[in-house]
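To keep things clear, I will list the structure first and then write my remarks on it.
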Amino acid sequence: MGSKLTAPAVRARKDSGQPPLVMVTAYDAPSARMADEAGVDVILVGDSVAMVVLGYDDTLQVTVEDMAHHVAAVARTRPRALVVGDLPWMSYHVSVEEAVRNAATLVRAGAESVKLEGGAKRVPVVEAIVAAEIPVMGHVGLTPQSVHVMGGFTVQGRQRDAALALIDDARALEAAGCFAIVLEGVPDAVAAMVTDAVGVPTIGIGAGPACDGQVLVLHDVLGLEDRIAPKFVRRYASLKADGVAALERFAEDVRAGRFPADRESYHLAPEVAAALGLEQPGTGELAGGASMTA
């Protein structure tokens, strides 16, 4: 599988001639093991856990404690991939000091870096977290924590001034010390401009092929949900359909008395069964040779 991925190693992938970075968003140990065995470079424990796992309508409901819980589950698998923990809404908005403390909480849970949303206005926070020796991944474009300000999950940077502002934001994040930047929901040409403008890797989601890497949510890649997916999602499996079919077969076997069978049941040793006067499995006779009607 290769050596452990670190934030400096991810940053060094910019213009290295290596293949694009692969990042997967995952929230628990089984998912992390799957992603790591598949050879992904980065596992993002995203605040999208709110919608994907916890059933909320947006990302604004999760807390630092929620994120630490899921970060810890992923980190316990000790993946080769770099583990990035999302700083949730209002965890870095009130003060720089609070932001650093919350970032430290995720690191203590097992994150090897943290991600936060926003551009130039986040520079003081990024600088402080980096000064606390915690690597920071930036995130510009469609920032889900700003859903109400943006008026929904809408593509960003469609107009000239907005596109130029994205470039400025990305440059500001790089200067503040971010080792990589997520570009979400921006036109492909704009993503290419941002990618060319910065010296750290860009990781796209709904940002076209010119980025230095790509990220999707594991549940979307595997088809664990059949909800209407955004345009940028490509499904590589249909595990929800397979899972429902398997559960239907299980239910049928239980209701028909076919499960559990003998091979799925534990048995007493013959001498114990005999001492209890119990029927020996599969013989139709009581232990000790007595008939069932004796």
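Naming works like this for the structure tokens: A, B, ... for the chains as they're shown, residue 1 at the start of each chain, ligands 1 onward in shown order.
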Inset, instruction - Mind checking which residues fall within 9 Å of Arg171 of chain A, counting only C-alpha atoms, ignoring those fewer than 2 positions away in the same chain, and posting them as number ranges by chain? - result: A: 119-120, 166-169, 173-176, 194, 197-199
Inset, instruction - Identify, on the basis of only C-alpha atoms, every residue whose closest approach to Thr6 of chain A does not exceed 9 Å; exclude the query and any residue fewer than 6 positions from it along the same chain; express the result as a list in words. - result: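 Counting only the stated atoms, we get Ala81, Leu82, Val83, Glu112 and Ser113 of chain A.
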Legend entry - Atomic distance atom CA of Ala170 of chain A - atom CA of His70 of chain A, expressed in Å with one decimal: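 Computing it gives 27.9 Å between the two atoms.
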Inset, instruction - Do a neighbour search on Gly152 of chain A at 12 Å with only C-alpha atoms, toss out local chain neighbours closer than 5 positions, and write the hits as an MDAnalysis selection string. - result: chainID A and resid 57:58 142:147 185
So that I have them on file, write out the residues from the current selection with N, CA and C atoms, as a PDB file, in the first residue's frame.
```
ATOM      1  N   ASP A  57     -31.198  17.673   7.239  1.00  0.00           N
ATOM      2  CA  ASP A  57     -31.383  18.267   5.915  1.00  0.00           C
ATOM      3  C   ASP A  57     -30.164  19.023   5.423  1.00  0.00           C
ATOM      4  N   ASP A  58     -29.273  19.400   6.332  1.00  0.00           N
ATOM      5  CA  ASP A  58     -28.076  20.145   5.944  1.00  0.00           C
ATOM      6  C   ASP A  58     -26.968  19.839   6.939  1.00  0.00           C
ATOM      7  N   LEU A 142     -18.770  26.399  -3.531  1.00  0.00           N
ATOM      8  CA  LEU A 142     -20.003  26.071  -2.818  1.00  0.00           C
ATOM      9  C   LEU A 142     -19.600  25.565  -1.436  1.00  0.00           C
ATOM     10  N   THR A 143     -19.876  26.354  -0.429  1.00  0.00           N
ATOM     11  CA  THR A 143     -19.549  25.967   0.946  1.00  0.00           C
ATOM     12  C   THR A 143     -20.862  25.672   1.670  1.00  0.00           C
ATOM     13  N   PRO A 144     -21.147  24.388   1.921  1.00  0.00           N
ATOM     14  CA  PRO A 144     -22.460  24.001   2.458  1.00  0.00           C
ATOM     15  C   PRO A 144     -22.830  24.679   3.772  1.00  0.00           C
ATOM     16  N   GLN A 145     -21.851  25.074   4.577  1.00  0.00           N
ATOM     17  CA  GLN A 145     -22.184  25.750   5.827  1.00  0.00           C
ATOM     18  C   GLN A 145     -22.761  27.146   5.577  1.00  0.00           C
ATOM     19  N   SER A 146     -22.613  27.644   4.352  1.00  0.00           N
ATOM     20  CA  SER A 146     -23.147  28.956   3.979  1.00  0.00           C
ATOM     21  C   SER A 146     -24.422  28.830   3.158  1.00  0.00           C
ATOM     22  N   VAL A 147     -25.112  27.702   3.283  1.00  0.00           N
ATOM     23  CA  VAL A 147     -26.250  27.408   2.413  1.00  0.00           C
ATOM     24  C   VAL A 147     -27.310  28.498   2.458  1.00  0.00           C
ATOM     25  N   GLY A 185     -18.439  22.777  -6.432  1.00  0.00           N
ATOM     26  CA  GLY A 185     -19.539  23.403  -7.147  1.00  0.00           C
ATOM     27  C   GLY A 185     -19.162  24.667  -7.889  1.00  0.00           C
TER      28      GLY A 185
END
```
Legend entry - Contact residues around segment 18-35 of chain A with only C-alpha atoms at 9 Å, ignoring same-chain residues under 5 positions, as an NGL selection string: :A and (10 or 13 or 40-46 or 48-49 or 53 or 67 or 70-79 or 81 or 201 or 203 or 211-219 or 221)
Inset, instruction - Pull the helix (DSSP H, G or I) assignments for segment 115-245 of chain A out of DSSP run on the backbone, and list those residues as number ranges by chain. - result: A: 120-131, 144-150, 160-176, 188-197, 218-222, 239-245
Inset, instruction - Between atom CA of Glu264 of chain A and atom CA of Glu252 of chain A, measure the distance and give it in Å to one decimal. - result: 16.4 Å
Inset, instruction - For Leu106 of chain A, list every protein, DNA or RNA residue within 10 Å, evaluated using only C-alpha atoms, and leave out those in the same chain fewer than 3 positions away; present the list as a PyMOL selection string. - result: chain A and resi 64-65+67-72+84-87+101-103+109-114
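The two atoms in question, atom CA of Asp242 of chain A and atom CA of Arg255 of chain A, are spaced 20.2 Å apart.
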Inset, instruction - Could you give me, as a PyMOL selection string, the residues within 7 Å of Phe179 of chain A, counting only C-alpha atoms and dropping anything in the same chain fewer than 6 positions from it? - result: chain A and resi 7+11+135-137+200
